[in-house]
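Data from target_11.tsv: TSV, C-alpha atoms
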chain	number	residue	atom	x	y	z
C	1	MET	CA	0.00	0.00	0.00
C	2	GLU	CA	1.20	3.49	-0.79
C	3	THR	CA	1.23	6.27	1.76
C	4	LYS	CA	-1.41	8.20	-0.19
C	5	GLN	CA	-3.88	5.37	0.05
C	6	ILE	CA	-3.06	4.78	3.73
C	7	ILE	CA	-3.71	8.44	4.52
C	8	LEU	CA	-6.94	8.39	2.49
C	9	ALA	CA	-8.13	5.21	4.20
C	10	ALA	CA	-7.27	6.61	7.64
C	11	VAL	CA	-9.14	9.85	6.92
C	12	GLY	CA	-12.08	7.82	5.61
C	13	ALA	CA	-12.10	5.60	8.71
C	14	ALA	CA	-11.94	8.63	11.02
C	15	LEU	CA	-14.82	10.27	9.12
C	16	LEU	CA	-16.76	7.02	9.31
C	17	GLY	CA	-16.29	6.90	13.07
C	18	VAL	CA	-17.36	10.51	13.52
C	19	THR	CA	-20.42	10.26	11.29
C	20	LEU	CA	-21.45	6.93	12.79
C	21	ALA	CA	-21.23	8.44	16.28
C	22	GLY	CA	-23.20	11.46	15.08
C	23	TYR	CA	-25.85	9.23	13.53
C	24	ILE	CA	-26.22	7.18	16.69
C	25	VAL	CA	-26.48	10.31	18.84
C	26	ALA	CA	-29.05	11.81	16.46
C	27	LYS	CA	-31.03	8.56	16.51
C	28	ARG	CA	-31.01	8.44	20.32
C	29	GLY	CA	-31.92	12.10	20.68
C	30	GLY	CA	-35.06	11.89	18.62
C	31	GLY	CA	-36.82	9.19	20.58
C	32	ALA	CA	-39.70	7.23	19.12
C	33	GLN	CA	-41.39	10.17	17.44
C	34	PRO	CA	-38.82	12.60	16.03
C	35	THR	CA	-39.71	16.04	14.78
C	36	LYS	CA	-39.19	17.03	11.18
C	37	LYS	CA	-35.91	18.79	11.91
C	38	GLN	CA	-34.53	15.85	13.87
C	39	ARG	CA	-35.41	13.52	11.02
C	40	ARG	CA	-33.58	15.76	8.57
C	41	ILE	CA	-30.48	15.82	10.76
C	42	ARG	CA	-30.61	12.04	11.04
C	43	LYS	CA	-30.80	11.75	7.26
C	44	LEU	CA	-27.79	14.06	6.84
C	45	TRP	CA	-25.72	11.95	9.26
C	46	PHE	CA	-26.77	8.81	7.40
C	47	VAL	CA	-25.58	10.26	4.09
C	48	GLY	CA	-22.31	11.15	5.80
C	49	VAL	CA	-21.93	7.55	7.00
C	50	LEU	CA	-22.52	6.28	3.47
C	51	ILE	CA	-20.02	8.67	1.90
C	52	SER	CA	-17.28	7.99	4.43
C	53	ALA	CA	-17.85	4.22	4.18
C	54	TYR	CA	-17.55	4.52	0.40
C	55	LEU	CA	-14.33	6.52	0.77
C	56	THR	CA	-12.81	4.04	3.22
C	57	ALA	CA	-13.73	0.92	1.28
C	58	GLY	CA	-12.66	2.45	-2.03
C	59	SER	CA	-9.26	3.55	-0.79
C	60	LEU	CA	-8.69	0.22	0.98
C	61	ILE	CA	-9.54	-1.72	-2.19
C	62	THR	CA	-7.38	0.58	-4.31
C	63	GLY	CA	-4.47	0.13	-1.91
C	64	LEU	CA	-4.77	-3.62	-1.48
C	65	SER	CA	-5.50	-4.66	-5.07
C	66	GLY	CA	-3.42	-2.01	-6.78
C	67	LYS	CA	-6.31	-1.24	-9.12
C	68	ARG	CA	-5.78	2.20	-10.60
C	69	SER	CA	-8.32	4.36	-12.31
C	70	GLU	CA	-7.36	4.51	-15.96
C	71	LEU	CA	-9.02	5.65	-19.14
C	72	LYS	CA	-8.23	2.51	-21.06
C	73	ILE	CA	-10.34	-0.38	-22.27
C	74	GLU	CA	-9.27	-3.78	-23.48
C	75	PHE	CA	-11.48	-4.34	-26.45
C	76	GLU	CA	-11.67	-6.84	-29.28
C	77	MET	CA	-14.22	-6.70	-32.06
C	78	PHE	CA	-14.82	-10.45	-31.83
C	79	SER	CA	-14.70	-12.49	-28.67
C	80	GLU	CA	-11.84	-14.83	-27.71
C	81	ARG	CA	-11.95	-18.35	-29.03
C	82	VAL	CA	-11.76	-21.60	-27.12
C	83	PRO	CA	-10.59	-24.88	-28.71
C	84	LEU	CA	-13.40	-27.35	-29.37
C	85	PHE	CA	-11.71	-30.42	-30.88
C	86	ALA	CA	-9.18	-31.30	-33.61
C	87	GLY	CA	-7.93	-27.76	-33.97
C	88	ILE	CA	-11.38	-26.22	-34.42
C	89	THR	CA	-12.03	-23.21	-32.23
C	90	VAL	CA	-15.32	-21.59	-31.25
C	91	ALA	CA	-15.96	-18.12	-29.94
C	92	LYS	CA	-16.67	-17.96	-26.22
C	93	THR	CA	-19.88	-16.05	-26.86
C	94	THR	CA	-21.11	-18.83	-29.15
C	95	VAL	CA	-20.56	-21.40	-26.40
C	96	LEU	CA	-22.36	-19.15	-23.94
C	97	GLY	CA	-25.23	-18.61	-26.38
C	98	ALA	CA	-25.64	-22.36	-26.91
C	99	ALA	CA	-25.56	-22.97	-23.15
C	100	LEU	CA	-28.21	-20.29	-22.66
C	101	LEU	CA	-30.36	-21.90	-25.32
C	102	VAL	CA	-30.16	-25.25	-23.52
C	103	ILE	CA	-30.98	-23.66	-20.15
C	104	LEU	CA	-33.92	-21.73	-21.59
C	105	THR	CA	-35.25	-24.82	-23.39
C	106	VAL	CA	-35.10	-26.90	-20.22
C	107	LEU	CA	-36.84	-24.14	-18.25
C	108	MET	CA	-39.56	-23.79	-20.87
C	109	LEU	CA	-40.11	-27.56	-21.04
C	110	LEU	CA	-40.38	-27.69	-17.25
C	111	PHE	CA	-42.85	-24.81	-17.41
C	112	ARG	CA	-44.83	-26.56	-20.13
C	113	PHE	CA	-45.10	-29.90	-18.33
C	114	ILE	CA	-45.40	-28.71	-14.71
C	115	ALA	CA	-47.18	-25.36	-14.70
C	116	VAL	CA	-49.31	-25.40	-17.85
C	117	PRO	CA	-51.36	-28.58	-17.09
C	118	LYS	CA	-52.49	-26.89	-13.85
C	119	PHE	CA	-54.00	-23.99	-15.80
C	120	THR	CA	-57.80	-24.02	-15.69
C	121	GLU	CA	-60.45	-22.73	-18.02
C	122	GLY	CA	-62.75	-21.03	-15.56
C	123	SER	CA	-60.83	-19.44	-12.71
C	124	PRO	CA	-57.28	-18.52	-13.64
C	125	GLY	CA	-54.67	-18.38	-10.89
C	126	ARG	CA	-52.05	-15.71	-10.40
C	127	LEU	CA	-49.43	-17.27	-12.72
C	128	GLN	CA	-51.98	-18.03	-15.40
C	129	ASN	CA	-53.25	-14.46	-15.34
C	130	VAL	CA	-49.74	-13.09	-15.88
C	131	PHE	CA	-49.06	-15.41	-18.77
C	132	GLU	CA	-52.43	-14.83	-20.38
C	133	LEU	CA	-51.77	-11.11	-20.18
C	134	ILE	CA	-48.35	-11.53	-21.86
C	135	VAL	CA	-49.70	-13.78	-24.60
C	136	GLU	CA	-52.74	-11.62	-25.32
C	137	THR	CA	-50.70	-8.40	-25.45
C	138	LEU	CA	-48.18	-9.97	-27.79
C	139	ASP	CA	-50.89	-11.49	-29.97
C	140	SER	CA	-52.68	-8.18	-30.43
C	141	PHE	CA	-49.33	-6.39	-31.01
C	142	VAL	CA	-48.28	-8.84	-33.72
C	143	GLY	CA	-51.77	-8.91	-35.21
C	144	LYS	CA	-51.86	-5.12	-35.47
C	145	ALA	CA	-48.35	-4.90	-36.93
C	146	THR	CA	-48.87	-7.59	-39.60
C	147	ASN	CA	-52.25	-9.25	-39.91
C	148	PRO	CA	-54.19	-11.46	-37.50
C	149	GLY	CA	-53.72	-14.56	-39.66
C	150	MET	CA	-49.99	-14.45	-39.05
C	151	THR	CA	-50.23	-14.38	-35.25
C	152	PRO	CA	-49.93	-18.16	-34.63
C	153	LEU	CA	-46.70	-18.24	-36.63
C	154	LEU	CA	-45.07	-14.98	-35.59
C	155	ALA	CA	-46.07	-14.29	-31.99
C	156	PRO	CA	-44.35	-17.34	-30.42
C	157	TYR	CA	-41.23	-16.73	-32.51
C	158	MET	CA	-41.03	-13.09	-31.51
C	159	LEU	CA	-41.53	-13.87	-27.83
C	160	SER	CA	-38.86	-16.58	-27.83
C	161	VAL	CA	-36.40	-14.37	-29.70
C	162	ALA	CA	-37.02	-11.53	-27.26
C	163	LEU	CA	-36.56	-13.86	-24.29
C	164	TYR	CA	-33.34	-15.30	-25.72
C	165	MET	CA	-31.95	-11.86	-26.46
C	166	PHE	CA	-32.84	-10.58	-23.01
C	167	ALA	CA	-31.30	-13.61	-21.31
C	168	SER	CA	-28.11	-13.19	-23.30
C	169	ALA	CA	-27.98	-9.49	-22.45
C	170	LEU	CA	-28.28	-10.39	-18.77
C	171	THR	CA	-25.14	-12.58	-18.87
C	172	GLU	CA	-23.14	-9.37	-18.85
C	173	LEU	CA	-24.10	-9.01	-15.17
C	174	PHE	CA	-21.97	-12.06	-14.42
C	175	GLY	CA	-18.89	-10.46	-15.90
C	176	LEU	CA	-19.01	-12.48	-19.11
C	177	ARG	CA	-19.07	-11.02	-22.56
C	178	ALA	CA	-22.71	-11.13	-23.59
C	179	PRO	CA	-23.49	-13.13	-26.75
C	180	ILE	CA	-25.68	-10.24	-27.86
C	181	SER	CA	-22.61	-7.98	-28.11
C	182	ASP	CA	-21.11	-10.31	-30.69
C	183	LEU	CA	-21.73	-9.58	-34.36
C	184	THR	CA	-22.26	-13.25	-35.27
C	185	PHE	CA	-25.15	-13.60	-32.81
C	186	THR	CA	-26.99	-10.51	-34.00
C	187	PHE	CA	-26.32	-11.33	-37.65
C	188	SER	CA	-27.81	-14.80	-37.28
C	189	LEU	CA	-30.92	-13.26	-35.72
C	190	GLY	CA	-31.09	-10.88	-38.69
C	191	LEU	CA	-30.86	-13.84	-41.07
C	192	CYS	CA	-33.78	-15.45	-39.20
C	193	THR	CA	-35.79	-12.29	-39.85
C	194	LEU	CA	-34.88	-12.37	-43.55
C	195	ALA	CA	-35.97	-16.00	-43.76
C	196	LEU	CA	-39.24	-15.15	-42.00
C	197	VAL	CA	-39.88	-12.25	-44.36
C	198	ASN	CA	-39.63	-14.60	-47.33
C	199	ILE	CA	-41.54	-17.45	-45.69
C	200	CYS	CA	-44.42	-15.19	-44.70
C	201	GLY	CA	-44.45	-13.45	-48.09
C	202	ILE	CA	-44.57	-16.71	-50.00
C	203	ARG	CA	-47.12	-18.25	-47.63
C	204	GLU	CA	-49.43	-15.27	-48.01
C	205	ASN	CA	-49.12	-14.45	-51.72
C	206	GLY	CA	-47.53	-17.53	-53.30
C	207	PHE	CA	-44.17	-17.49	-55.05
C	208	GLY	CA	-45.36	-15.50	-58.05
C	209	GLY	CA	-47.22	-13.10	-55.83
C	210	ARG	CA	-44.08	-12.49	-53.79
C	211	LEU	CA	-42.12	-11.71	-56.98
C	212	ARG	CA	-44.90	-9.40	-58.20
C	213	ASN	CA	-44.94	-7.72	-54.80
C	214	MET	CA	-41.21	-7.17	-55.01
C	215	GLY	CA	-41.48	-5.77	-58.53
C	216	GLY	CA	-43.81	-2.95	-57.62
C	217	PRO	CA	-46.92	-1.68	-59.37
C	218	VAL	CA	-45.51	-0.91	-62.85
C	219	PRO	CA	-45.36	-4.13	-64.96
C	220	TRP	CA	-42.59	-3.25	-67.42
C	221	MET	CA	-40.26	-2.09	-64.65
C	222	ARG	CA	-40.45	-5.38	-62.76
C	223	PRO	CA	-37.34	-6.99	-64.31
C	224	ILE	CA	-35.31	-4.05	-63.02
C	225	MET	CA	-37.08	-3.64	-59.71
C	226	VAL	CA	-36.87	-7.27	-58.54
C	227	PRO	CA	-33.05	-7.43	-58.37
C	228	LEU	CA	-32.98	-4.00	-56.71
C	229	LYS	CA	-35.55	-5.12	-54.14
C	230	MET	CA	-33.51	-8.27	-53.55
C	231	VAL	CA	-30.42	-6.18	-52.76
C	232	SER	CA	-32.40	-4.03	-50.38
C	233	ASP	CA	-33.83	-7.19	-48.80
C	234	PHE	CA	-30.33	-8.47	-48.21
C	235	ALA	CA	-29.56	-5.22	-46.42
C	236	VAL	CA	-32.23	-6.10	-43.84
C	237	PRO	CA	-30.16	-8.58	-41.78
C	238	ILE	CA	-27.07	-6.36	-42.05
C	239	SER	CA	-28.89	-3.30	-40.77
C	240	LEU	CA	-30.66	-5.24	-38.00
C	241	ALA	CA	-27.42	-6.93	-36.95
C	242	CYS	CA	-25.32	-3.76	-36.97
C	243	ARG	CA	-27.95	-1.81	-35.06
C	244	LEU	CA	-28.27	-4.38	-32.28
C	245	PHE	CA	-24.54	-5.05	-32.16
C	246	GLY	CA	-23.59	-1.38	-32.09
C	247	ASN	CA	-26.08	-0.59	-29.34
C	248	MET	CA	-25.07	-3.50	-27.13
C	249	MET	CA	-21.39	-2.89	-27.79
C	250	GLY	CA	-21.81	0.78	-26.93
C	251	GLY	CA	-23.51	-0.11	-23.64
C	252	MET	CA	-20.77	-2.62	-22.82
C	253	LEU	CA	-18.03	-0.10	-23.62
C	254	VAL	CA	-19.62	2.58	-21.45
C	255	MET	CA	-19.85	0.13	-18.55
C	256	GLU	CA	-16.22	-0.97	-19.04
C	257	LEU	CA	-15.10	2.63	-19.22
C	258	LEU	CA	-16.98	3.49	-16.04
C	259	LYS	CA	-15.42	0.55	-14.21
C	260	GLY	CA	-11.99	1.49	-15.55
C	261	VAL	CA	-12.27	5.14	-14.56
C	262	LEU	CA	-13.56	4.40	-11.07
C	263	GLY	CA	-10.84	1.79	-10.51
C	264	GLY	CA	-10.89	0.65	-6.88
C	265	PHE	CA	-13.81	2.97	-6.16
C	266	ALA	CA	-16.12	0.98	-8.44
C	267	LEU	CA	-18.49	0.14	-5.60
C	268	GLY	CA	-22.21	0.44	-6.15
C	269	LEU	CA	-22.02	3.18	-8.78
C	270	PRO	CA	-21.60	0.75	-11.73
C	271	ALA	CA	-24.69	-1.09	-10.51
C	272	VAL	CA	-26.74	2.11	-10.75
C	273	ALA	CA	-25.49	2.72	-14.28
C	274	GLY	CA	-26.07	-0.96	-15.01
C	275	ILE	CA	-29.81	-0.57	-14.38
C	276	TYR	CA	-29.92	1.46	-17.56
C	277	PHE	CA	-27.16	-0.13	-19.62
C	278	ASN	CA	-27.87	-3.76	-18.73
C	279	LEU	CA	-31.65	-3.79	-18.25
C	280	ILE	CA	-33.56	-0.92	-19.85
C	281	HIS	CA	-31.32	-0.41	-22.86
C	282	PRO	CA	-31.41	-4.07	-24.01
C	283	MET	CA	-35.19	-4.14	-23.48
C	284	LEU	CA	-35.61	-1.05	-25.66
C	285	GLN	CA	-33.36	-2.50	-28.34
C	286	ILE	CA	-35.22	-5.82	-28.26
C	287	TYR	CA	-38.49	-3.95	-28.68
C	288	ILE	CA	-37.05	-2.09	-31.65
C	289	PHE	CA	-35.68	-5.31	-33.17
C	290	VAL	CA	-39.06	-7.03	-32.89
C	291	THR	CA	-40.96	-4.00	-34.21
C	292	LEU	CA	-38.64	-3.58	-37.18
C	293	SER	CA	-38.81	-7.30	-37.99
C	294	LEU	CA	-42.60	-7.10	-37.95
C	295	THR	CA	-42.49	-4.01	-40.17
C	296	TYR	CA	-40.34	-5.82	-42.74
C	297	ILE	CA	-42.65	-8.83	-42.60
C	298	SER	CA	-45.79	-6.75	-43.03
C	299	GLU	CA	-44.15	-5.08	-46.04
C	300	ALA	CA	-43.78	-8.51	-47.62
C	301	LEU	CA	-47.39	-9.40	-46.80
C	302	GLU	CA	-49.02	-6.61	-48.79
L	303	MET	CA	-2.34	7.86	-33.80
L	304	THR	CA	-3.67	8.49	-37.32
L	305	ASN	CA	-6.29	5.81	-36.72
L	306	ALA	CA	-7.42	7.46	-33.53
L	307	ILE	CA	-7.77	10.84	-35.26
L	308	ALA	CA	-9.72	9.24	-38.10
L	309	ALA	CA	-12.02	7.49	-35.61
L	310	ALA	CA	-12.59	10.77	-33.78
L	311	ILE	CA	-13.48	12.59	-37.00
L	312	ILE	CA	-15.88	9.82	-38.03
L	313	MET	CA	-17.59	9.84	-34.64
L	314	ALA	CA	-17.89	13.63	-34.64
L	315	ALA	CA	-19.44	13.71	-38.12
L	316	THR	CA	-21.89	10.86	-37.53
L	317	VAL	CA	-22.95	12.12	-34.13
L	318	LEU	CA	-23.58	15.58	-35.58
L	319	GLY	CA	-25.76	14.20	-38.36
L	320	VAL	CA	-27.66	11.73	-36.24
L	321	GLY	CA	-28.20	14.30	-33.52
L	322	PHE	CA	-29.77	16.71	-35.98
L	323	GLY	CA	-31.89	13.97	-37.55
L	324	MET	CA	-33.24	12.72	-34.24
L	325	CYS	CA	-33.88	16.24	-33.03
L	326	PHE	CA	-35.94	17.07	-36.12
L	327	ALA	CA	-37.94	13.86	-35.74
L	328	THR	CA	-38.56	14.48	-32.06
L	329	SER	CA	-39.55	18.12	-32.52
L	330	LYS	CA	-42.08	17.19	-35.19
L	331	ALA	CA	-43.42	14.34	-33.05
L	332	VAL	CA	-43.88	16.65	-30.07
L	333	GLU	CA	-45.63	19.20	-32.25
L	334	SER	CA	-48.03	16.67	-33.73
L	335	ALA	CA	-48.70	15.05	-30.35
L	336	ALA	CA	-49.54	18.49	-28.95
L	337	ARG	CA	-51.88	19.15	-31.85
L	338	GLN	CA	-53.55	15.77	-31.68
L	339	PRO	CA	-53.18	14.29	-28.18
L	340	GLU	CA	-55.40	11.32	-29.03
L	341	ALA	CA	-52.84	10.09	-31.58
L	342	ALA	CA	-49.96	10.31	-29.09
L	343	GLY	CA	-49.57	6.54	-28.74
L	344	ARG	CA	-49.28	5.93	-32.45
L	345	ILE	CA	-46.91	8.90	-32.84
L	346	GLN	CA	-44.72	7.57	-30.07
L	347	THR	CA	-44.38	4.19	-31.78
L	348	LEU	CA	-43.53	5.82	-35.08
L	349	LEU	CA	-41.05	8.15	-33.37
L	350	LEU	CA	-39.35	5.22	-31.69
L	351	LEU	CA	-39.04	3.43	-35.03
L	352	GLY	CA	-37.72	6.49	-36.81
L	353	CYS	CA	-35.25	7.25	-34.05
L	354	ALA	CA	-34.05	3.65	-34.17
L	355	LEU	CA	-33.51	3.92	-37.92
L	356	ALA	CA	-31.66	7.23	-37.52
L	357	GLU	CA	-29.64	5.87	-34.65
L	358	SER	CA	-28.51	2.90	-36.68
L	359	ILE	CA	-26.80	5.26	-39.13
L	360	GLY	CA	-24.81	6.64	-36.22
L	361	LEU	CA	-24.02	3.11	-35.12
L	362	TYR	CA	-22.53	2.27	-38.48
L	363	GLY	CA	-20.12	5.14	-37.94
L	364	PHE	CA	-19.52	3.95	-34.40
L	365	ILE	CA	-18.64	0.45	-35.56
L	366	ILE	CA	-16.31	1.78	-38.23
L	367	ALA	CA	-14.67	4.05	-35.67
L	368	ILE	CA	-14.17	1.11	-33.31
L	369	ILE	CA	-12.67	-1.00	-36.07
L	370	LEU	CA	-10.31	1.85	-36.92
L	371	ALA	CA	-9.41	2.54	-33.31
L	372	THR	CA	-8.65	-1.08	-32.49
L	373	ALA	CA	-6.86	-1.88	-35.77
L	374	LYS	CA	-3.20	-2.71	-35.24
Do you think you could lay out the structure here as structure tokens?
Amino acid sequence: METKQIILAAVGAALLGVTLAGYIVAKRGGGAQPTKKQRRIRKLWFVGVLISAYLTAGSLITGLSGKRSELKIEFEMFSERVPLFAGITVAKTTVLGAALLVILTVLMLLFRFIAVPKFTEGSPGRLQNVFELIVETLDSFVGKATNPGMTPLLAPYMLSVALYMFASALTELFGLRAPISDLTFTFSLGLCTLALVNICGIRENGFGGRLRNMGGPVPWMRPIMVPLKMVSDFAVPISLACRLFGNMMGGMLVMELLKGVLGGFALGLPAVAGIYFNLIHPMLQIYIFVTLSLTYISEALE
Amino acid sequence: MTNAIAAAIIMAATVLGVGFGMCFATSKAVESAARQPEAAGRIQTLLLLGCALAESIGLYGFIIAIILATAK
């Protein structure tokens, strides 16, 4: 430990002692029913306790682990690779994604065979109500975005994709690199959307109808328009993949940067930032991914 | 060093453009929601979509900047 950190830790500990004593005295003084002013003083002492505890713990951790605050991030575009067999390597995020898929499948099967048979027609329980709400909301959302005939095909797919994406975004909380911040993961999801666009288009209009739809309203321009439309269709997975990847990567980088800058003082504050960058931001992006996929599909359905 | 400068220029340009684009979209959305409060829900969905599309342009620049900044 350096002298600077020792001094800082000592000051922090002294402050902690003083504020703790002050808090205890303020708590005693008020009795069972404190006045408004006494309550405010108590709150102030409590904030002081928190700040000095943060200072002490941060300087102790900085001194003991030697973690410095630095504006530097270790960053690779693609994740590290682990050897699989016979010289073939796989990206770590791919392994994690596959493991997540297995876990989610097992959970869903358990849910299907344990919880669902208990669901009743007449008087739904608490769990059944929640799930009926989710399913009905999603059904009406998908039905409005495309058309009601497509709901049985699209709604389960969209829900499972959203669940998978959210689960893989949550793995970042465990200190792993999330599969969703890997370009291969997002690009494969984009390819799924492209496949769905074509499947739904052909199912609705037939193969010729899909071609006619791609060609636009003017008959003689169709030979030119179809290849152009195909190119723009192939841009769909690229744009979806880059959007999701860039957003998730940006969130990850901000979190890494925050942790790097705070160094040993990274206590509690990254968790507050993580509420946005690890929970709300992925949810918003998943919503946008699903909405855009449905928009592309409904374009093919016309 | 050159890479870092190039990445910075790319980020500055894309952020400028995307910021203006999203600000126009949002200002129009606020205006129309104030004029027709009953359509606010629909406008919000459309705004979210449009902002996502505008944002993705910025993200392309971001990805290119990252590739440039981490290139060895």
Item to complete: Kindly provide, as a list in words, the polymer residues lying within 10 Å of (-50.1, -12.1, -27.5), counting only C-alpha atoms and using the coordinates exactly as they appear in the file.
Response: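 Those residues, ordered by chain and then number, are Phe131, Glu132, Leu133, Ile134, Val135, Glu136, Thr137, Leu138, Asp139, Ser140, Phe141, Val142, Gly143, Thr151, Pro152, Leu154, Ala155, Pro156, Met158 and Leu159 of chain C.
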Item to complete: Show me which bits of chain C are within 9 Å of chain L, counting all atoms listed in the file, as a ChimeraX atom specification.
Response: /C:75-77,239-240,242-247,249-250,285,288,291-292
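Pairwise distance (atom CA of Ala356 of chain L, atom CA of Phe234 of chain C) equals 19.0 Å.
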Worksheet item: Skipping near chain neighbours, those fewer than 5 positions away, what residues fall within 12 Å of Gly97 of chain C using all atoms listed in the file, listed as an MDAnalysis selection string?
Response: chainID C and resid 90:92 102:104 164:171 176:182 184:186 188
Discussion item. Could you tell me how far atom CA of Asn278 of chain C sits from atom CA of Met255 of chain C, in Å to one decimal place?
Written reply: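 One can read the atom CA of Met255 of chain C to atom CA of Asn278 of chain C distance as 8.9 Å.
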Discussion item. Taking 5 positions as the minimum chain separation for residues in the same chain, which residues sit within 8 Å of Ala26 of chain C when counting all atoms listed in the file? Answer as a list of chain:residue names.
Written reply: C:Gln38, C:Ile41, C:Arg42, C:Trp45
With C-alpha atoms kept, could you save the residues just selected as a PDB file, in the frame of the given file?
ATOM      1  CA  GLN C  38     -34.530  15.850  13.870  1.00  0.00           C
ATOM      2  CA  ILE C  41     -30.480  15.820  10.760  1.00  0.00           C
ATOM      3  CA  ARG C  42     -30.610  12.040  11.040  1.00  0.00           C
ATOM      4  CA  TRP C  45     -25.720  11.950   9.260  1.00  0.00           C
TER       5      TRP C  45
END
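Atom CA of Leu50 of chain C to atom CA of Lys259 of chain C spans 19.9 Å [interatomic distance, one decimal].
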Discussion item. Need to verify the contact set: Ile7 of chain C, 12 Å, all atoms listed in the file, exclusion of same-chain residues closer than 4 positions in sequence. Can you return it as a list in words?
Written reply: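 Final neighbour list, sorted by chain and number: Met1, Glu2, Thr3, Val11, Gly12, Ala13, Ala14, Leu55, Thr56, Ser59, Leu60 and Gly63 of chain C.
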